[in-house]
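Shown next: my_file14.txt, containing compact mmCIF, C-alpha atoms and all ligand atoms.
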# COMPACT_ATOMS: atom_id res chain seq x y z
CA MET P 1092 228.91 188.20 96.66
CA THR P 1093 226.21 190.42 98.18
CA GLN P 1094 228.32 191.79 101.07
CA ASN P 1095 230.84 193.75 99.04
CA THR P 1096 229.46 195.02 95.80
CA PRO P 1097 230.29 198.27 94.06
CA SER P 1098 226.60 199.24 94.25
CA SER P 1099 226.48 199.73 98.06
CA GLY P 1100 224.49 202.82 98.88
CA SER P 1101 222.38 202.79 95.72
CA SER P 1102 218.61 202.43 95.95
CA TRP P 1103 218.94 198.90 94.51
CA SER P 1104 221.12 197.54 97.31
CA ARG P 1105 218.46 197.04 99.97
CA GLN P 1106 218.74 193.24 100.17
CA ARG P 1107 215.51 192.76 98.27
CA ARG P 1108 214.59 189.07 97.98
CA ILE P 1109 214.13 187.96 94.38
CA HIS P 1110 212.88 184.47 93.48
CA ILE P 1111 214.46 182.55 90.64
CA HIS P 1112 212.42 179.94 88.77
CA ASP P 1113 214.60 177.77 86.56
CA VAL P 1114 212.83 176.57 83.42
CA ALA P 1115 215.77 174.99 81.57
CA MET P 1116 214.50 171.44 81.94
CA ARG P 1117 211.28 172.45 80.15
CA ASP P 1118 211.74 175.61 78.03
CA GLY P 1119 215.42 174.75 77.50
CA LEU P 1120 215.10 171.13 76.48
CA GLN P 1121 211.82 171.36 74.51
CA ILE P 1122 213.57 173.01 71.56
CA GLU P 1123 216.68 170.77 71.53
CA PRO P 1124 216.85 168.31 68.65
CA ILE P 1125 218.32 165.54 70.81
CA PHE P 1126 216.56 163.47 73.46
CA VAL P 1127 218.47 163.85 76.72
CA PRO P 1128 218.42 160.53 78.59
CA THR P 1129 216.01 160.48 81.54
CA GLU P 1130 218.75 159.70 84.13
CA GLU P 1131 220.71 162.77 83.03
CA LYS P 1132 217.64 164.98 83.37
CA ILE P 1133 216.98 163.59 86.86
CA ALA P 1134 220.61 164.12 87.94
CA LEU P 1135 220.55 167.75 86.78
CA ILE P 1136 217.22 168.50 88.45
CA ASN P 1137 218.58 167.05 91.69
CA ALA P 1138 221.71 169.21 91.39
CA LEU P 1139 219.63 172.30 90.58
CA ALA P 1140 217.51 171.70 93.68
CA GLN P 1141 220.65 172.26 95.79
CA THR P 1142 221.38 175.71 94.32
CA GLY P 1143 218.68 177.70 96.14
CA VAL P 1144 216.28 178.32 93.24
CA SER P 1145 212.67 178.72 94.40
CA LYS P 1146 211.03 176.74 91.61
CA ILE P 1147 212.18 174.17 89.07
CA GLU P 1148 210.04 173.66 86.00
CA ALA P 1149 211.02 170.04 85.59
CA THR P 1150 209.15 169.01 82.44
CA SER P 1151 205.90 169.42 80.53
CA PHE P 1152 202.91 167.10 80.21
CA THR P 1153 202.29 167.79 76.56
CA SER P 1154 201.63 165.51 73.63
CA PRO P 1155 204.78 163.43 73.01
CA LYS P 1156 204.22 164.03 69.30
CA ALA P 1157 204.30 167.80 69.83
CA ILE P 1158 207.29 167.80 72.23
CA PRO P 1159 209.22 164.53 71.85
CA ALA P 1160 212.16 165.83 73.92
CA LEU P 1161 209.96 165.70 77.05
CA ARG P 1162 208.14 162.44 76.40
CA ASP P 1163 209.59 161.01 79.64
CA ALA P 1164 207.73 163.46 81.92
CA GLU P 1165 206.37 160.73 84.25
CA GLU P 1166 209.74 159.02 84.68
CA VAL P 1167 211.42 162.35 85.39
CA MET P 1168 208.86 163.46 87.98
CA LYS P 1169 208.88 160.10 89.71
CA GLY P 1170 212.67 159.72 89.60
CA ILE P 1171 213.74 163.00 91.23
CA GLN P 1172 214.43 163.55 94.92
CA ARG P 1173 212.22 166.31 96.21
CA VAL P 1174 214.06 168.93 98.26
CA PRO P 1175 211.86 170.69 100.83
CA GLY P 1176 211.45 174.37 100.04
CA VAL P 1177 211.78 173.86 96.27
CA LYS P 1178 208.56 173.88 94.24
CA TYR P 1179 208.51 171.36 91.40
CA VAL P 1180 206.49 172.68 88.49
CA ALA P 1181 205.31 171.18 85.19
CA LEU P 1182 203.90 172.94 82.15
CA VAL P 1183 200.44 171.74 81.13
CA PRO P 1184 198.44 172.66 78.00
CA ASN P 1185 195.19 170.72 78.51
CA LEU P 1186 193.08 168.49 80.75
CA ARG P 1187 194.95 165.32 79.84
CA GLY P 1188 198.20 167.03 80.79
CA ALA P 1189 196.76 168.19 84.12
CA GLN P 1190 195.66 164.64 84.99
CA ARG P 1191 199.13 163.30 84.22
CA ALA P 1192 200.78 166.06 86.28
CA LEU P 1193 198.53 165.46 89.28
CA GLU P 1194 199.23 161.72 89.15
CA CYS P 1195 202.91 162.66 89.50
CA LYS P 1196 202.12 164.96 92.44
CA VAL P 1197 203.66 168.13 91.03
CA ASP P 1198 203.64 171.04 93.47
CA GLU P 1199 202.44 173.44 90.81
CA ILE P 1200 200.72 173.07 87.47
CA ASN P 1201 201.85 175.78 85.08
CA LEU P 1202 198.98 176.17 82.61
CA VAL P 1203 199.90 177.70 79.30
CA MET P 1204 198.03 179.59 76.62
CA SER P 1205 198.82 182.52 74.33
CA VAL P 1206 197.30 185.96 74.27
CA SER P 1207 197.73 185.90 70.49
CA GLU P 1208 195.12 183.83 68.62
CA THR P 1209 197.57 182.81 65.88
CA HIS P 1210 200.27 181.67 68.29
CA ASN P 1211 197.74 179.75 70.37
CA LEU P 1212 196.53 177.92 67.25
CA ALA P 1213 200.11 177.13 66.15
CA ASN P 1214 201.31 176.03 69.58
CA LEU P 1215 198.27 174.34 71.07
CA ARG P 1216 195.95 173.63 68.13
CA MET P 1217 193.10 175.36 69.95
CA THR P 1218 191.47 178.76 69.71
CA ARG P 1219 192.12 181.06 72.65
CA GLU P 1220 188.58 180.53 73.90
CA GLN P 1221 188.95 176.73 73.76
CA SER P 1222 192.21 176.97 75.69
CA ALA P 1223 190.82 179.43 78.25
CA ARG P 1224 187.79 177.23 78.97
CA ALA P 1225 189.89 174.08 79.33
CA LEU P 1226 192.35 175.81 81.63
CA LEU P 1227 189.63 177.37 83.80
CA GLN P 1228 188.15 173.90 84.19
CA ILE P 1229 191.55 172.59 85.28
CA ILE P 1230 191.68 175.22 88.06
CA ASP P 1231 188.29 173.96 89.32
CA GLU P 1232 189.27 170.30 89.12
CA THR P 1233 192.69 170.74 90.70
CA GLY P 1234 191.30 172.31 93.85
CA ASP P 1235 193.93 172.09 96.56
CA GLN P 1236 195.84 169.18 95.01
CA ALA P 1237 198.43 171.61 93.60
CA ASP P 1238 199.01 175.30 93.00
CA VAL P 1239 197.92 176.52 89.58
CA ASN P 1240 199.91 179.19 87.78
CA ILE P 1241 198.91 180.58 84.39
CA SER P 1242 201.60 181.44 81.84
CA LEU P 1243 200.29 183.86 79.24
CA SER P 1244 202.52 183.47 76.18
CA THR P 1245 203.15 186.27 73.69
CA ALA P 1246 201.98 188.80 76.30
CA PHE P 1247 204.41 191.41 74.95
CA GLY P 1248 204.09 190.71 71.24
CA CYS P 1249 203.44 187.93 68.74
CA PRO P 1250 205.93 186.99 66.02
CA MET P 1251 203.03 186.54 63.58
CA GLU P 1252 200.43 189.12 64.66
CA GLY P 1253 202.79 191.81 65.95
CA ILE P 1254 201.59 194.11 68.71
CA VAL P 1255 199.48 192.44 71.40
CA ASP P 1256 196.95 194.71 73.08
CA ALA P 1257 197.83 195.18 76.77
CA GLU P 1258 194.11 195.31 77.60
CA GLU P 1259 193.70 191.77 76.17
CA VAL P 1260 196.48 190.53 78.46
CA LEU P 1261 194.86 192.08 81.51
CA LYS P 1262 191.35 190.84 80.68
CA LEU P 1263 192.59 187.30 80.13
CA GLY P 1264 194.56 187.42 83.38
CA ASP P 1265 191.44 188.67 85.21
CA ARG P 1266 189.52 185.53 84.21
CA PHE P 1267 192.14 183.26 85.79
CA ALA P 1268 192.64 185.48 88.85
CA GLU P 1269 188.90 185.49 89.53
CA ARG P 1270 188.72 181.70 89.14
CA GLY P 1271 191.34 181.00 91.83
CA ALA P 1272 194.71 180.71 90.07
CA THR P 1273 197.60 181.03 92.53
CA GLY P 1274 199.86 182.89 90.13
CA ILE P 1275 200.19 184.55 86.73
CA THR P 1276 203.30 184.70 84.55
CA LEU P 1277 203.54 187.16 81.68
CA CYS P 1278 205.74 185.61 78.99
CA ASP P 1279 207.71 187.37 76.30
CA THR P 1280 207.88 184.22 74.22
CA THR P 1281 210.07 185.55 71.41
CA GLY P 1282 211.98 188.41 73.00
CA MET P 1283 209.92 191.29 71.60
CA ALA P 1284 209.39 193.20 74.86
CA ASN P 1285 211.29 196.36 75.67
CA PRO P 1286 211.80 197.88 79.14
CA ALA P 1287 209.38 200.78 78.63
CA GLN P 1288 206.64 198.35 77.58
CA VAL P 1289 207.36 196.06 80.54
CA GLU P 1290 207.07 198.99 82.92
CA ALA P 1291 203.81 200.15 81.33
CA LEU P 1292 202.17 196.69 81.40
CA CYS P 1293 203.38 195.61 84.83
CA ALA P 1294 202.81 198.79 86.83
CA GLY P 1295 199.64 198.21 88.83
CA LEU P 1296 199.50 194.41 88.36
CA ALA P 1297 200.00 193.74 92.08
CA GLN P 1298 196.97 195.94 92.84
CA ARG P 1299 194.90 194.40 90.05
CA TRP P 1300 195.68 190.80 91.09
CA PRO P 1301 196.31 191.02 94.85
CA GLY P 1302 197.49 187.86 96.57
CA LEU P 1303 198.67 186.25 93.33
CA GLU P 1304 202.30 185.35 92.69
CA LEU P 1305 203.40 187.47 89.75
CA THR P 1306 206.24 186.25 87.55
CA LEU P 1307 207.92 187.57 84.42
CA HIS P 1308 209.34 185.30 81.72
CA PHE P 1309 211.73 186.91 79.26
CA HIS P 1310 213.66 185.59 76.29
CA ASN P 1311 216.88 187.30 75.29
CA THR P 1312 216.26 186.98 71.56
CA ARG P 1313 217.13 190.62 70.87
CA GLY P 1314 219.41 191.32 73.83
CA MET P 1315 216.72 193.07 75.91
CA GLY P 1316 216.17 190.28 78.47
CA LEU P 1317 218.04 191.58 81.51
CA ALA P 1318 217.02 195.18 80.79
CA ASN P 1319 213.42 193.95 80.93
CA VAL P 1320 214.11 192.40 84.35
CA ILE P 1321 215.24 195.81 85.61
CA ALA P 1322 211.99 197.29 84.30
CA GLY P 1323 210.03 194.49 86.00
CA LEU P 1324 211.84 195.08 89.30
CA SER P 1325 210.97 198.77 89.13
CA THR P 1326 207.29 197.78 89.16
CA GLY P 1327 207.75 195.60 92.26
CA ILE P 1328 207.73 192.15 90.60
CA ASP P 1329 210.13 189.82 92.38
CA ARG P 1330 209.82 186.49 90.55
CA TYR P 1331 211.64 185.69 87.30
CA ASP P 1332 211.77 182.65 85.07
CA ALA P 1333 215.20 181.97 83.62
CA SER P 1334 217.05 179.07 82.07
CA LEU P 1335 220.39 177.51 82.97
CA ALA P 1336 223.05 178.40 80.40
CA GLY P 1337 220.48 180.55 78.55
CA LEU P 1338 218.85 177.70 76.65
CA GLY P 1339 215.23 177.82 75.59
CA GLY P 1340 212.60 178.69 73.04
CA CYS P 1341 209.16 177.75 71.81
CA PRO P 1342 209.26 175.34 68.86
CA TYR P 1343 206.10 176.94 67.45
CA ALA P 1344 207.35 180.53 67.54
CA PRO P 1345 209.38 181.60 64.50
CA GLY P 1346 212.77 182.94 65.53
CA ALA P 1347 212.47 181.89 69.17
CA THR P 1348 215.74 181.65 71.09
CA GLY P 1349 216.97 181.31 74.63
CA ASN P 1350 215.43 182.47 77.85
CA ILE P 1351 217.37 184.94 79.95
CA CYS P 1352 220.16 182.93 81.50
CA THR P 1353 219.69 181.87 85.14
CA GLU P 1354 223.26 182.34 86.30
CA ASP P 1355 223.67 185.63 84.40
CA LEU P 1356 220.45 186.92 86.02
CA VAL P 1357 221.60 185.82 89.49
CA HIS P 1358 224.99 187.40 88.91
CA MET P 1359 223.42 190.73 87.92
CA LEU P 1360 220.96 190.81 90.84
CA GLU P 1361 223.49 189.76 93.48
CA SER P 1362 226.10 192.23 92.23
CA MET P 1363 223.44 194.94 92.52
CA GLY P 1364 222.99 193.96 96.18
CA MET P 1365 219.83 191.86 95.91
CA ASP P 1366 219.33 188.46 97.52
CA THR P 1367 218.35 185.59 95.25
CA GLY P 1368 218.91 182.91 97.89
CA THR P 1369 221.05 181.01 95.37
CA ASN P 1370 224.66 179.93 95.07
CA LEU P 1371 226.18 181.27 91.85
CA ASP P 1372 229.06 178.78 91.71
CA ALA P 1373 226.64 175.87 92.05
CA LEU P 1374 224.46 177.33 89.28
CA VAL P 1375 227.45 177.74 86.97
CA GLU P 1376 228.35 174.11 87.63
CA CYS P 1377 224.79 173.08 86.66
CA ALA P 1378 225.01 175.26 83.53
CA ARG P 1379 228.21 173.43 82.53
CA GLN P 1380 226.43 170.11 82.96
CA MET P 1381 223.60 171.43 80.82
CA GLU P 1382 226.08 172.47 78.11
CA LYS P 1383 227.53 168.95 78.10
CA MET P 1384 224.05 167.42 77.99
CA VAL P 1385 222.93 169.35 74.90
CA GLY P 1386 226.34 169.05 73.23
CA HIS P 1387 226.68 172.54 71.75
CA GLU P 1388 227.78 176.01 72.74
CA VAL P 1389 225.30 177.86 74.97
CA PRO P 1390 224.56 181.59 75.34
CA GLY P 1391 225.43 181.89 79.10
CA GLN P 1392 228.06 184.58 79.65
CA VAL P 1393 229.10 184.44 83.31
CA MET P 1394 229.98 180.77 82.89
CA LYS P 1395 232.55 181.89 80.31
CA ALA P 1396 233.79 185.20 81.80
CA GLY P 1397 233.53 184.43 85.53
CA ALA P 1398 231.87 186.75 88.07
CA TRP P 1399 232.62 190.49 88.16
CA ASP P 1400 234.85 190.03 91.22
CA LYS P 1401 237.14 187.58 89.46
CA ARG P 1402 240.68 189.04 89.33
CA PHE P 1403 243.27 188.32 86.70
CA PRO P 1404 247.02 188.18 87.33
CA ILE P 1405 249.04 191.25 86.34
CA PRO P 1406 250.83 190.42 83.06
CA PRO P 1407 254.39 189.35 83.98
CA ASP P 1408 255.98 191.51 81.27
CA LEU P 1409 254.42 194.72 82.61
CA ASP P 1410 257.20 197.18 83.42
CA GLN P 1411 255.98 198.37 86.83
CA THR P 1412 258.55 201.18 87.14
CA ARG P 1413 257.62 202.63 83.78
CA GLU P 1414 253.84 202.26 84.42
CA ARG P 1415 254.13 203.97 87.81
CA ALA P 1416 256.07 206.86 86.28
CA LEU P 1417 253.36 207.29 83.64
CA LEU P 1418 250.64 207.23 86.29
CA ARG P 1419 252.43 209.87 88.39
CA GLU P 1420 252.76 212.05 85.32
CA LEU P 1421 249.04 211.62 84.59
CA GLU P 1422 248.06 212.50 88.17
CA ALA P 1423 250.27 215.59 88.08
CA ASN P 1424 248.66 216.68 84.79
CA THR P 1425 245.11 216.24 86.14
CA ALA P 1426 245.94 218.12 89.35
CA ARG P 1427 247.09 221.14 87.32
N1 LIG F 1 199.68 164.41 77.08
C1 LIG F 1 199.86 163.31 76.33
N2 LIG F 1 199.19 163.06 75.20
C2 LIG F 1 198.29 163.98 74.81
C3 LIG F 1 198.05 165.15 75.54
C4 LIG F 1 198.81 165.36 76.71
N3 LIG F 1 198.67 166.45 77.45
N4 LIG F 1 197.13 165.86 74.90
C5 LIG F 1 196.77 165.18 73.81
N5 LIG F 1 197.49 164.05 73.77
C6 LIG F 1 197.46 163.02 72.73
C7 LIG F 1 196.07 162.48 72.50
O1 LIG F 1 195.82 161.43 73.40
C8 LIG F 1 196.15 162.02 71.06
O2 LIG F 1 196.86 160.81 71.00
P1 LIG F 1 196.61 159.73 69.83
O3 LIG F 1 197.04 160.39 68.55
O4 LIG F 1 197.50 158.60 70.20
O5 LIG F 1 195.15 159.44 69.88
C9 LIG F 1 197.04 163.06 70.42
O6 LIG F 1 197.83 163.60 71.49
C10 LIG F 1 196.27 164.17 69.75
O7 LIG F 1 195.35 164.70 70.67
P2 LIG F 1 194.58 166.08 70.41
O8 LIG F 1 193.74 166.39 71.58
O9 LIG F 1 193.95 166.03 69.05
O10 LIG F 1 195.78 167.08 70.46
P3 LIG F 1 196.41 167.93 69.29
O11 LIG F 1 197.15 167.07 68.34
O12 LIG F 1 195.40 168.89 68.78
O13 LIG F 1 197.52 168.73 70.14
C11 LIG F 1 198.20 169.63 72.25
C12 LIG F 1 197.15 169.60 71.18
C13 LIG F 1 197.93 170.81 73.14
C14 LIG F 1 198.17 168.36 73.04
C15 LIG F 1 199.59 169.74 71.59
O14 LIG F 1 199.56 170.75 70.64
C16 LIG F 1 200.68 170.04 72.57
O15 LIG F 1 201.04 169.21 73.40
N6 LIG F 1 201.27 171.25 72.51
C17 LIG F 1 202.28 171.65 73.41
C18 LIG F 1 203.10 172.68 72.77
C19 LIG F 1 204.20 173.15 73.69
O16 LIG F 1 204.51 172.59 74.73
N7 LIG F 1 204.85 174.23 73.27
C20 LIG F 1 205.92 174.79 73.98
C21 LIG F 1 205.51 175.47 75.23
S1 LIG F 1 205.16 177.18 74.98
ZN ZN F 2 209.65 180.67 77.13
Give the structure from this file in C-alpha cells form.
Ligand code: COA
Ligand code: ZN
Amino acid sequence: MTQNTPSSGSSWSRQRRIHIHDVAMRDGLQIEPIFVPTEEKIALINALAQTGVSKIEATSFTSPKAIPALRDAEEVMKGIQRVPGVKYVALVPNLRGAQRALECKVDEINLVMSVSETHNLANLRMTREQSARALLQIIDETGDQADVNISLSTAFGCPMEGIVDAEEVLKLGDRFAERGATGITLCDTTGMANPAQVEALCAGLAQRWPGLELTLHFHNTRGMGLANVIAGLSTGIDRYDASLAGLGGCPYAPGATGNICTEDLVHMLESMGMDTGTNLDALVECARQMEKMVGHEVPGQVMKAGAWDKRFPIPPDLDQTRERALLRELEANTAR
C-alpha cells in the first residue's frame, strides 16, 4: 500500500519505520468475560507472528485470581513457536510474576505500575512506592536474562484522581531509566489523553532517556487514540502498542475500553506513507479470528470497511449518459 498513496510529497511520506507492538493477547483478553482455550491463543499468536509486528505481548504473569482469563500463561508461552525477529513479551506486576516469566524465557518482561496512587492500589494492591521498589529489584535480578520495559499506567490521567502531574511521570521514569530498564511505555489506560497533552509530555523524552526504547500505549475510549498517535509521531516516538480488532481495557479502571486497533493503526500509517513492516491483510485475518474467539462484535473499523484503496463497482442502474451531461454542465459553470 505504501507505494501509491494520496499523501506522496507530504512531510509524512518519508518511509519512516514505525514499530507495532500487538497487545491483544494480554490487554485484549484480560477484560473478556470468557476464558479463551489455550490452543486458540497459541494458534493466534503463531499467526500474528507472521504479520510483521515487532513485539507480541503474549500474556501476563499475574495472579490467576486477579486475571483469570490469562491463568494459562505458562502453557501459552511454552506452546508457541518463536519466530526470529519477533519479541515475545509478558506483562509482570511483581517478583513472583518475573520469576514465572523468566522460567518461560520471555524476550522481554513488561513491568507495570501506575503513576496514580489510587489506580495502583486498585490494580496491584500495592502503594506506588511498594510497586516501584519491587520493580526496581526485578530489573537488578533479571540482568541480561531478558529485556525489561516499564509500562507506566495512567500516565495521561487517572479515572479516579483526574489530572496526573507530568513531572511525576518523568520522575518515576527517571528511576527506572537510571536503574537499567531497556524501555519505557507511557500508557493512557482509560483514553483520557489528548494530542496537545501527548505532544507536551513526549517532546524531549528521547533526550531525557537516551538509548531507551520509547513506546506509547493509547486506548480509544473517547475517540482520540489515533490522533494521539499523530501527536506522538510528531515528537519522534516510533513505537506503538495496539490491539487486534481494537479489544482491550484494564479491569480495574472504571470505564476502560479498547486499545487503539492494530490494523486500523497500520492502515493509517501505511496510507500516510510510513513503513510498519507489517502485512495489513494478514492482520485483518488475525483480527477476524480474534472476533470469532471472543464471540462478540469488535471495534476494529478497517476489518469492516476495507482499506482506503478498496474500490466499489459502479451501481448498474447509473445512467452514464445523463451523469456525463450533468458533469459537463458543472465543468462549464465552474469555468465561467
Ligand atoms: N503470579 C501468580 N500468583 C501470584 C502472583 C503472580 N504474579 N502474585 C501473587 N500471586 C498469588 C500469591 O501466591 C497468593 O496466592 P494464594 O492466595 O494461593 O496464597 C495470591 O496471589 C495473593 O498474593 P498477594 O501477594 O497477597 O497478592 P494480592 O492479592 O495483593 O495481588 C497482584 C497483587 C499484583 C498479584 C494482583 O493484584 C495482580 O495480579 N494484579 C494484576 C492486575 C492486572 O494485570 N491488571 C491489568 C493490567 S493493567
Ligand atoms: Zn492498556
Self-check item: Contacts with ligand ZN 2 (chain F) at most 8 Å, all atoms listed in the file counted, listed as a PyMOL selection string
Solution: chain P and resi 1118+1244+1278-1281+1308-1310+1339-1341+1349-1350
Quiz item: Residues at most 12 Å from His1387 of chain P, counting only C-alpha atoms, excluding those fewer than 2 positions away in the same chain, as an MDAnalysis selection string?
Solution: chainID P and resid 1123:1125 1336 1338 1379:1385 1389:1391
Exercise. May I ask which of the residues P:Asn1424, P:Gln1190, P:Thr1273, P:Thr1367 is the closest one to Gly1302 of chain P, counting all atoms listed in the file?
Key: P:Thr1273
Would you be able to write out as an mmCIF file with C-alpha atoms, keeping the file's coordinate frame which residues have an atom within 8 Å of (214.1, 187.2, 79.7) in the file's coordinates, counting only C-alpha atoms?
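This is the output file out.cif:
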data_model
loop_
_atom_site.group_PDB
_atom_site.id
_atom_site.type_symbol
_atom_site.label_atom_id
_atom_site.label_comp_id
_atom_site.auth_asym_id
_atom_site.auth_seq_id
_atom_site.Cartn_x
_atom_site.Cartn_y
_atom_site.Cartn_z
ATOM 1 C CA ASP P 1279 207.710 187.370 76.300
ATOM 2 C CA GLY P 1282 211.980 188.410 73.000
ATOM 3 C CA LEU P 1307 207.920 187.570 84.420
ATOM 4 C CA HIS P 1308 209.340 185.300 81.720
ATOM 5 C CA PHE P 1309 211.730 186.910 79.260
ATOM 6 C CA HIS P 1310 213.660 185.590 76.290
ATOM 7 C CA ASN P 1311 216.880 187.300 75.290
ATOM 8 C CA MET P 1315 216.720 193.070 75.910
ATOM 9 C CA GLY P 1316 216.170 190.280 78.470
ATOM 10 C CA LEU P 1317 218.040 191.580 81.510
ATOM 11 C CA ASN P 1319 213.420 193.950 80.930
ATOM 12 C CA VAL P 1320 214.110 192.400 84.350
ATOM 13 C CA ASP P 1332 211.770 182.650 85.070
ATOM 14 C CA ALA P 1333 215.200 181.970 83.620
ATOM 15 C CA ASN P 1350 215.430 182.470 77.850
ATOM 16 C CA ILE P 1351 217.370 184.940 79.950
ATOM 17 C CA CYS P 1352 220.160 182.930 81.500
#
Quiz item: Counting only C-alpha atoms and all ligand atoms, which of P:Val1167, P:Ala1223, P:Val1357, P:Val1183 gets nearest to ligand LIG 1 (chain F)?
Solution: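 Ranking P:Val1167, P:Ala1223, P:Val1357, P:Val1183 by distance to ligand LIG 1 (chain F), first place goes to P:Val1183.
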